[in-house]
Amino acid sequence: EVQLVESGGGLVQPGRSMKLSCAASGFTFNNYDMAWVCQAPKKGLEWVATISYDGSSTYYRDSVKGRFTISRDNAKSTLYLQMDSLRSEDTATYYCASATDRDYFDYWGQGVMVTVSS
Amino acid sequence: DIQMTQSPASLSASLGETVTIECRASEDIYNGLAWYQQKPGKSPQLLIYNANSLHTGVPSRFSGSGSGTQYSLKINSLQSEDVASYFCQQYYDYPPTFGAGTKLELK
């Protein structure tokens with residue numbers, strides 16, 4: 001059974017940093033591209049970033065370019081999202097998801113809440 | 001970015017009814033469309049990909065259709081467990097973009 005378990009969320013002040021983790025199991029992690037998708041409270045879904053199966057390629061939405069870094073450790077089957085210079089508009093639930101080669105998302109974690117507020 | 005417009009924003013239907021949700025793309029997305037179901041308090045789950053292919057384990061009462069810029073999700077014989085929000089997503093072009101969602105409730 002595919003399992004994606006996020007951790008690392010919470011309350012953070014504007015301008016500060018936070019790092020999210022996603023532990024994967026139940027599938028061959030290093031064969032899959034992975035992504036982060038967020039959902040602001042009571043809002044829709046927004047793609048944040050994608051990383052290729054081997055970590056060689058990364059893609060970001062414009063609003064997080066230069067502030068967020070997606071990475072992975074295939075030996076630990078873990079995906080990361082380093083979020084720097086956080087803004088109030090980054091407040092959302094962040095989901096880790098496995099990304100197919102066509103960039104739809106076939107398995108999702110339970111999500112982790114990030115609140116950016118002073 | 002490709003804009004995805006979903007309709008209706010909310011929908012109320014009775015058990016056993018057939019429900020259709022529409023999604024329109026701002027340009028041709030060549031069937032690069034997925035549908036997700038998100039139950040209250042849960043994470044999204046993939047239902048349909050490539051506009052009309054059913055994801056593993058998804059009940060056959062769900063179906064997708066469409067082409068070009070117009071796509072739809074149909075739920076036959078609505079069940080109580082189908083109460084959820086539904087989102088479309090295009091993946092034909094970067095960045096992947098989602099519709100705003102349709103909230104489905106029981107009448």
# chains A, B, ... in the order shown; residues from 1 in each chain; ligands from 1
$ select_by_dssp --residues "chain A" --states "helix (DSSP H, G or I)" --output "list in words"
Phe29, Asn30, Asn31, Asp62, Ser63, Val64, Ser88, Glu89 and Asp90 of chain A
$ write_last_selection --atoms "N, CA and C atoms" --output "compact mmCIF listing (two decimals), in the first residue's frame"
# COMPACT_ATOMS: atom_id res chain seq x y z
N PHE A 29 10.24 4.37 -4.52
CA PHE A 29 10.32 5.84 -4.46
C PHE A 29 11.22 6.40 -5.55
N ASN A 30 12.38 5.79 -5.77
CA ASN A 30 13.34 6.38 -6.69
C ASN A 30 12.99 6.18 -8.16
N ASN A 31 11.83 5.60 -8.43
CA ASN A 31 11.33 5.49 -9.80
C ASN A 31 10.33 6.59 -10.15
N ASP A 62 5.69 30.16 -10.12
CA ASP A 62 6.40 31.44 -10.12
C ASP A 62 6.45 32.08 -8.73
N SER A 63 5.37 31.97 -7.96
CA SER A 63 5.29 32.69 -6.68
C SER A 63 6.24 32.14 -5.62
N VAL A 64 6.82 30.97 -5.85
CA VAL A 64 7.75 30.40 -4.85
C VAL A 64 9.17 30.28 -5.38
N SER A 88 2.58 35.57 4.46
CA SER A 88 1.26 35.16 4.96
C SER A 88 0.48 34.38 3.89
N GLU A 89 0.70 34.73 2.63
CA GLU A 89 -0.04 34.04 1.55
C GLU A 89 0.45 32.61 1.31
N ASP A 90 1.52 32.20 1.99
CA ASP A 90 1.97 30.80 1.92
C ASP A 90 1.21 29.91 2.89
$ interface_residues --of "chain A" --to "chain B" --cutoff "7 Å" --atoms "only C-alpha atoms" --output "list in words"
Gly44, Leu45, Glu46, Trp47, Arg61, Arg102, Asp103, Tyr104, Phe105, Asp106, Tyr107, Trp108, Gly109, Gln110 and Gly111 of chain A
$ write_last_selection --atoms "C-alpha atoms" --output "CSV table (one decimal), in the first residue's frame"
chain,number,residue,atom,x,y,z
A,44,GLY,CA,-8.7,25.2,-4.2
A,45,LEU,CA,-5.5,23.3,-5.0
A,46,GLU,CA,-2.3,24.9,-6.3
A,47,TRP,CA,0.7,23.0,-7.6
A,61,ARG,CA,5.4,27.8,-9.6
A,102,ARG,CA,2.5,13.4,-17.4
A,103,ASP,CA,2.3,15.5,-14.2
A,104,TYR,CA,-1.0,14.4,-12.7
A,105,PHE,CA,-0.8,13.2,-9.1
A,106,ASP,CA,-1.8,9.6,-8.4
A,107,TYR,CA,-1.1,9.3,-4.6
A,108,TRP,CA,-1.3,11.9,-2.0
A,109,GLY,CA,-0.3,12.3,1.7
A,110,GLN,CA,-2.6,13.4,4.4
A,111,GLY,CA,-1.2,16.9,4.3
$ residues_around --residues "A:Ala49" --least-positions-apart "6" --cutoff "10 Å" --atoms "only C-alpha atoms" --output "mmCIF file with all heavy atoms, in the first residue's frame"
data_model
loop_
_atom_site.group_PDB
_atom_site.id
_atom_site.type_symbol
_atom_site.label_atom_id
_atom_site.label_comp_id
_atom_site.auth_asym_id
_atom_site.auth_seq_id
_atom_site.Cartn_x
_atom_site.Cartn_y
_atom_site.Cartn_z
ATOM 1 N N MET A 34 8.142 13.390 -7.858
ATOM 2 C CA MET A 34 7.353 13.735 -6.680
ATOM 3 C C MET A 34 7.022 15.226 -6.697
ATOM 4 O O MET A 34 7.748 16.025 -7.302
ATOM 5 C CB MET A 34 8.105 13.396 -5.398
ATOM 6 C CG MET A 34 8.380 11.903 -5.205
ATOM 7 S SD MET A 34 6.906 10.914 -4.957
ATOM 8 C CE MET A 34 6.290 11.553 -3.397
ATOM 9 N N ALA A 35 5.950 15.586 -6.012
ATOM 10 C CA ALA A 35 5.507 16.976 -6.050
ATOM 11 C C ALA A 35 4.941 17.416 -4.707
ATOM 12 O O ALA A 35 4.606 16.594 -3.847
ATOM 13 C CB ALA A 35 4.441 17.149 -7.131
ATOM 14 N N TRP A 36 4.870 18.726 -4.547
ATOM 15 C CA TRP A 36 4.135 19.354 -3.449
ATOM 16 C C TRP A 36 2.991 20.153 -4.060
ATOM 17 O O TRP A 36 3.183 20.894 -5.037
ATOM 18 C CB TRP A 36 5.037 20.273 -2.632
ATOM 19 C CG TRP A 36 6.081 19.554 -1.838
ATOM 20 C CD1 TRP A 36 7.377 19.316 -2.191
ATOM 21 C CD2 TRP A 36 5.910 18.968 -0.534
ATOM 22 N NE1 TRP A 36 8.018 18.615 -1.202
ATOM 23 C CE2 TRP A 36 7.151 18.393 -0.159
ATOM 24 C CE3 TRP A 36 4.848 18.876 0.374
ATOM 25 C CZ2 TRP A 36 7.360 17.738 1.054
ATOM 26 C CZ3 TRP A 36 5.048 18.233 1.576
ATOM 27 C CH2 TRP A 36 6.278 17.666 1.910
ATOM 28 N N VAL A 37 1.824 20.006 -3.455
ATOM 29 C CA VAL A 37 0.622 20.744 -3.863
ATOM 30 C C VAL A 37 0.046 21.363 -2.599
ATOM 31 O O VAL A 37 0.017 20.711 -1.556
ATOM 32 C CB VAL A 37 -0.412 19.818 -4.523
ATOM 33 C CG1 VAL A 37 -1.677 20.596 -4.897
ATOM 34 C CG2 VAL A 37 0.181 19.134 -5.756
ATOM 35 N N CYS A 38 -0.392 22.623 -2.683
ATOM 36 C CA CYS A 38 -0.918 23.259 -1.478
ATOM 37 C C CYS A 38 -2.379 23.643 -1.648
ATOM 38 O O CYS A 38 -2.911 23.708 -2.765
ATOM 39 C CB CYS A 38 -0.074 24.468 -1.071
ATOM 40 S SG CYS A 38 -0.253 25.917 -2.109
ATOM 41 N N THR A 58 14.136 20.142 -11.318
ATOM 42 C CA THR A 58 13.132 20.681 -10.406
ATOM 43 C C THR A 58 12.332 21.770 -11.123
ATOM 44 O O THR A 58 12.851 22.454 -12.026
ATOM 45 C CB THR A 58 13.777 21.283 -9.141
ATOM 46 O OG1 THR A 58 14.751 22.262 -9.523
ATOM 47 C CG2 THR A 58 14.453 20.198 -8.309
ATOM 48 N N TYR A 59 11.092 21.927 -10.725
ATOM 49 C CA TYR A 59 10.176 22.887 -11.348
ATOM 50 C C TYR A 59 9.371 23.546 -10.230
ATOM 51 O O TYR A 59 8.968 22.872 -9.279
ATOM 52 C CB TYR A 59 9.228 22.177 -12.318
ATOM 53 C CG TYR A 59 9.942 21.279 -13.297
ATOM 54 C CD1 TYR A 59 10.216 19.954 -12.971
ATOM 55 C CD2 TYR A 59 10.357 21.754 -14.537
ATOM 56 C CE1 TYR A 59 10.889 19.126 -13.856
ATOM 57 C CE2 TYR A 59 11.022 20.930 -15.427
ATOM 58 C CZ TYR A 59 11.284 19.616 -15.081
ATOM 59 O OH TYR A 59 11.954 18.795 -15.964
ATOM 60 N N TYR A 60 9.121 24.858 -10.375
ATOM 61 C CA TYR A 60 8.438 25.607 -9.333
ATOM 62 C C TYR A 60 7.377 26.523 -9.932
ATOM 63 O O TYR A 60 7.539 27.049 -11.046
ATOM 64 C CB TYR A 60 9.425 26.489 -8.559
ATOM 65 C CG TYR A 60 10.524 25.725 -7.867
ATOM 66 C CD1 TYR A 60 11.748 25.493 -8.507
ATOM 67 C CD2 TYR A 60 10.353 25.244 -6.576
ATOM 68 C CE1 TYR A 60 12.757 24.782 -7.866
ATOM 69 C CE2 TYR A 60 11.357 24.535 -5.928
ATOM 70 C CZ TYR A 60 12.555 24.309 -6.593
ATOM 71 O OH TYR A 60 13.557 23.611 -5.960
ATOM 72 N N ARG A 61 6.305 26.785 -9.141
ATOM 73 C CA ARG A 61 5.385 27.835 -9.561
ATOM 74 C C ARG A 61 6.082 29.177 -9.370
ATOM 75 O O ARG A 61 6.992 29.308 -8.523
ATOM 76 C CB ARG A 61 4.085 27.768 -8.790
ATOM 77 C CG ARG A 61 4.144 28.090 -7.316
ATOM 78 C CD ARG A 61 2.746 28.025 -6.665
ATOM 79 N NE ARG A 61 1.846 29.019 -7.240
ATOM 80 C CZ ARG A 61 0.839 28.705 -8.044
ATOM 81 N NH1 ARG A 61 0.599 27.446 -8.372
ATOM 82 N NH2 ARG A 61 0.060 29.656 -8.520
ATOM 83 N N ASP A 62 5.694 30.164 -10.119
ATOM 84 C CA ASP A 62 6.403 31.444 -10.115
ATOM 85 C C ASP A 62 6.449 32.077 -8.732
ATOM 86 O O ASP A 62 7.463 32.662 -8.341
ATOM 87 C CB ASP A 62 5.722 32.419 -11.095
ATOM 88 C CG ASP A 62 6.043 32.103 -12.540
ATOM 89 O OD1 ASP A 62 6.944 31.273 -12.791
ATOM 90 O OD2 ASP A 62 5.373 32.663 -13.431
ATOM 91 N N VAL A 64 6.825 30.968 -5.848
ATOM 92 C CA VAL A 64 7.746 30.404 -4.849
ATOM 93 C C VAL A 64 9.172 30.278 -5.377
ATOM 94 O O VAL A 64 10.083 29.922 -4.620
ATOM 95 C CB VAL A 64 7.268 29.020 -4.329
ATOM 96 C CG1 VAL A 64 5.829 29.103 -3.832
ATOM 97 C CG2 VAL A 64 7.427 27.935 -5.373
ATOM 98 N N LYS A 65 9.370 30.582 -6.644
ATOM 99 C CA LYS A 65 10.732 30.502 -7.217
ATOM 100 C C LYS A 65 11.669 31.399 -6.441
ATOM 101 O O LYS A 65 11.362 32.566 -6.182
ATOM 102 C CB LYS A 65 10.717 30.930 -8.692
ATOM 103 C CG LYS A 65 10.379 29.833 -9.655
ATOM 104 C CD LYS A 65 10.400 30.339 -11.088
ATOM 105 C CE LYS A 65 9.784 29.327 -12.032
ATOM 106 N NZ LYS A 65 9.607 29.856 -13.396
ATOM 107 N N PHE A 68 11.439 28.732 -2.279
ATOM 108 C CA PHE A 68 11.244 27.336 -1.905
ATOM 109 C C PHE A 68 12.222 26.451 -2.671
ATOM 110 O O PHE A 68 12.551 26.738 -3.829
ATOM 111 C CB PHE A 68 9.825 26.883 -2.239
ATOM 112 C CG PHE A 68 8.735 27.470 -1.375
ATOM 113 C CD1 PHE A 68 8.970 28.537 -0.508
ATOM 114 C CD2 PHE A 68 7.447 26.935 -1.411
ATOM 115 C CE1 PHE A 68 7.958 29.066 0.280
ATOM 116 C CE2 PHE A 68 6.425 27.449 -0.632
ATOM 117 C CZ PHE A 68 6.684 28.522 0.211
ATOM 118 N N THR A 69 12.651 25.362 -2.021
ATOM 119 C CA THR A 69 13.525 24.377 -2.671
ATOM 120 C C THR A 69 12.984 22.980 -2.417
ATOM 121 O O THR A 69 12.837 22.570 -1.257
ATOM 122 C CB THR A 69 14.960 24.474 -2.139
ATOM 123 O OG1 THR A 69 15.452 25.805 -2.317
ATOM 124 C CG2 THR A 69 15.875 23.493 -2.870
ATOM 125 N N ILE A 70 12.695 22.279 -3.491
ATOM 126 C CA ILE A 70 12.271 20.883 -3.381
ATOM 127 C C ILE A 70 13.498 19.992 -3.536
ATOM 128 O O ILE A 70 14.378 20.268 -4.366
ATOM 129 C CB ILE A 70 11.177 20.541 -4.436
ATOM 130 C CG1 ILE A 70 10.595 19.147 -4.200
ATOM 131 C CG2 ILE A 70 11.708 20.703 -5.857
ATOM 132 C CD1 ILE A 70 9.363 18.844 -5.064
ATOM 133 N N SER A 71 13.578 18.949 -2.723
ATOM 134 C CA SER A 71 14.700 18.023 -2.811
ATOM 135 C C SER A 71 14.242 16.644 -2.359
ATOM 136 O O SER A 71 13.127 16.479 -1.864
ATOM 137 C CB SER A 71 15.875 18.510 -1.958
ATOM 138 O OG SER A 71 15.505 18.564 -0.596
ATOM 139 N N LEU A 81 10.622 19.882 1.347
ATOM 140 C CA LEU A 81 10.346 21.213 0.822
ATOM 141 C C LEU A 81 10.901 22.222 1.812
ATOM 142 O O LEU A 81 10.383 22.370 2.920
ATOM 143 C CB LEU A 81 8.847 21.443 0.607
ATOM 144 C CG LEU A 81 8.506 22.776 -0.071
ATOM 145 C CD1 LEU A 81 9.022 22.806 -1.507
ATOM 146 C CD2 LEU A 81 7.003 23.062 -0.043
ATOM 147 N N CYS A 96 2.125 16.259 -0.068
ATOM 148 C CA CYS A 96 3.125 15.550 -0.844
ATOM 149 C C CYS A 96 2.368 14.602 -1.777
ATOM 150 O O CYS A 96 1.359 14.003 -1.358
ATOM 151 C CB CYS A 96 4.005 14.781 0.152
ATOM 152 S SG CYS A 96 4.909 13.391 -0.439
ATOM 153 N N PRO B 95 2.531 25.680 -15.904
ATOM 154 C CA PRO B 95 2.401 24.838 -14.709
ATOM 155 C C PRO B 95 1.094 24.068 -14.703
ATOM 156 O O PRO B 95 0.097 24.522 -15.291
ATOM 157 C CB PRO B 95 2.429 25.872 -13.589
ATOM 158 C CG PRO B 95 1.769 27.076 -14.187
ATOM 159 C CD PRO B 95 2.209 27.107 -15.632
ATOM 160 N N PRO B 96 1.068 22.914 -14.041
ATOM 161 C CA PRO B 96 -0.218 22.234 -13.863
ATOM 162 C C PRO B 96 -1.174 23.160 -13.114
ATOM 163 O O PRO B 96 -0.764 23.828 -12.158
ATOM 164 C CB PRO B 96 0.146 21.015 -12.997
ATOM 165 C CG PRO B 96 1.622 20.881 -13.066
ATOM 166 C CD PRO B 96 2.173 22.241 -13.334
#
$ atom_distance --atom1 "atom CA of A:Gly8" --atom2 "atom CA of A:Tyr95"
11.8 Å
$ residues_around --residues "A:Glu6" --least-positions-apart "5" --cutoff "6 Å" --atoms "only C-alpha atoms" --output "PyMOL selection string"
chain A and resi 21-22+112
$ residues_around --residues "A:Gly9" --least-positions-apart "5" --cutoff "9 Å" --atoms "only C-alpha atoms" --output "JSON, numbers by chain"
{"A": [18, 19, 20, 21, 93, 94, 112, 113, 114, 115]}
$ write_last_selection --atoms "N, CA and C atoms" --output "CSV table (one decimal), in the first residue's frame"
chain,number,residue,atom,x,y,z
A,18,MET,N,11.0,27.2,7.1
A,18,MET,CA,10.4,26.0,7.6
A,18,MET,C,10.7,24.9,6.6
A,19,LYS,N,10.9,23.7,7.1
A,19,LYS,CA,11.2,22.6,6.2
A,19,LYS,C,10.2,21.5,6.4
A,20,LEU,N,9.6,21.1,5.3
A,20,LEU,CA,8.6,20.0,5.3
A,20,LEU,C,9.3,18.7,4.9
A,21,SER,N,8.9,17.6,5.4
A,21,SER,CA,9.3,16.3,5.0
A,21,SER,C,8.2,15.4,4.6
A,93,THR,N,-2.4,24.1,3.7
A,93,THR,CA,-2.1,22.7,3.9
A,93,THR,C,-1.2,22.3,2.7
A,94,TYR,N,-0.1,21.7,3.0
A,94,TYR,CA,0.8,21.2,1.9
A,94,TYR,C,0.8,19.7,1.8
A,112,VAL,N,0.0,18.6,5.6
A,112,VAL,CA,0.5,19.2,6.8
A,112,VAL,C,0.3,20.7,6.7
A,113,MET,N,-0.2,21.3,7.8
A,113,MET,CA,-0.6,22.7,7.8
A,113,MET,C,0.5,23.6,8.1
A,114,VAL,N,0.7,24.6,7.3
A,114,VAL,CA,1.7,25.7,7.6
A,114,VAL,C,0.9,27.0,7.7
A,115,THR,N,1.2,27.6,8.9
A,115,THR,CA,0.5,28.9,9.1
A,115,THR,C,1.6,30.0,9.3
$ residues_around --residues "A:Gln13" --least-positions-apart "5" --cutoff "9 Å" --atoms "only C-alpha atoms" --output "tab-separated table (two decimals) with N, CA, C and O atoms, in the first residue's frame"
chain	number	residue	atom	x	y	z
A	86	LEU	N	9.16	33.16	4.21
A	86	LEU	CA	7.74	32.83	4.16
A	86	LEU	C	6.87	34.07	4.28
A	86	LEU	O	7.22	35.05	4.97
A	87	ARG	N	5.74	34.01	3.59
A	87	ARG	CA	4.77	35.13	3.55
A	87	ARG	C	3.42	34.63	4.05
A	87	ARG	O	3.14	33.43	4.01
A	88	SER	N	2.58	35.57	4.46
A	88	SER	CA	1.26	35.16	4.96
A	88	SER	C	0.48	34.38	3.89
A	88	SER	O	-0.28	33.46	4.21
A	115	THR	N	1.16	27.63	8.89
A	115	THR	CA	0.53	28.92	9.15
A	115	THR	C	1.62	29.97	9.31
A	115	THR	O	2.48	29.84	10.17
A	116	VAL	N	1.59	30.98	8.45
A	116	VAL	CA	2.56	32.07	8.50
A	116	VAL	C	1.88	33.29	9.09
A	116	VAL	O	1.01	33.90	8.46
A	117	SER	N	2.28	33.62	10.31
A	117	SER	CA	1.62	34.72	11.01
A	117	SER	C	2.51	35.21	12.13
A	117	SER	O	3.26	34.43	12.73
A	118	SER	N	2.42	36.51	12.42
A	118	SER	CA	3.18	37.07	13.53
A	118	SER	C	2.39	36.97	14.83
A	118	SER	O	2.89	37.34	15.89
$ atom_distance --atom1 "atom CA of B:Thr69" --atom2 "atom CA of B:Tyr30"
7.9 Å
$ atom_distance --atom1 "atom CA of B:Ser80" --atom2 "atom CA of B:Leu106"
7.3 Å
$ select_by_dssp --residues "chain B" --states "strand (DSSP E)" --output "ChimeraX atom specification"
/B:4-7,10-13,19-25,33-38,45-49,53-54,62-67,70-75,84-90,97-98,102-106
$ write_last_selection --atoms "C-alpha atoms" --output "tab-separated table (two decimals), in the first residue's frame"
chain	number	residue	atom	x	y	z
B	4	MET	CA	-9.49	25.95	-15.63
B	5	THR	CA	-13.11	26.96	-15.04
B	6	GLN	CA	-15.34	24.48	-13.23
B	7	SER	CA	-19.10	24.52	-12.99
B	10	SER	CA	-21.81	23.69	-5.75
B	11	LEU	CA	-24.37	21.03	-6.43
B	12	SER	CA	-27.08	19.30	-4.45
B	13	ALA	CA	-28.37	15.91	-5.63
B	19	VAL	CA	-24.53	14.09	-11.57
B	20	THR	CA	-22.35	15.89	-14.11
B	21	ILE	CA	-19.57	18.39	-13.37
B	22	GLU	CA	-18.03	20.47	-16.13
B	23	CYS	CA	-14.53	21.82	-16.60
B	24	ARG	CA	-13.47	24.26	-19.32
B	25	ALA	CA	-9.86	25.04	-20.19
B	33	LEU	CA	-7.00	16.31	-17.76
B	34	ALA	CA	-7.43	14.63	-14.39
B	35	TRP	CA	-10.28	14.63	-11.87
B	36	TYR	CA	-9.81	14.38	-8.11
B	37	GLN	CA	-12.22	13.76	-5.24
B	38	GLN	CA	-11.61	15.38	-1.86
B	45	GLN	CA	-7.70	11.25	-4.43
B	46	LEU	CA	-7.23	10.66	-8.16
B	47	LEU	CA	-10.37	9.48	-9.95
B	48	ILE	CA	-9.75	9.97	-13.68
B	49	TYR	CA	-6.71	10.71	-15.85
B	53	SER	CA	-9.26	6.65	-17.85
B	54	LEU	CA	-10.36	5.34	-14.46
B	62	PHE	CA	-17.43	7.49	-12.16
B	63	SER	CA	-16.62	8.36	-15.75
B	64	GLY	CA	-14.90	11.16	-17.62
B	65	SER	CA	-15.33	12.51	-21.12
B	66	GLY	CA	-14.56	15.47	-23.32
B	67	SER	CA	-11.98	16.86	-25.68
B	70	GLN	CA	-14.48	21.03	-22.62
B	71	TYR	CA	-14.48	18.11	-20.20
B	72	SER	CA	-16.93	16.53	-17.78
B	73	LEU	CA	-17.07	14.14	-14.87
B	74	LYS	CA	-20.20	12.02	-14.49
B	75	ILE	CA	-21.26	10.15	-11.40
B	84	ALA	CA	-17.08	15.56	-1.54
B	85	SER	CA	-15.45	18.36	-3.48
B	86	TYR	CA	-14.29	17.56	-7.00
B	87	PHE	CA	-11.40	19.27	-8.79
B	88	CYS	CA	-10.21	19.10	-12.37
B	89	GLN	CA	-6.53	19.59	-13.27
B	90	GLN	CA	-4.85	20.12	-16.61
B	97	THR	CA	-3.38	24.11	-12.92
B	98	PHE	CA	-6.56	23.16	-11.08
B	102	THR	CA	-17.31	21.71	-7.17
B	103	LYS	CA	-18.83	20.92	-3.80
B	104	LEU	CA	-21.31	18.05	-4.05
B	105	GLU	CA	-23.88	17.63	-1.30
B	106	LEU	CA	-26.87	15.37	-0.77
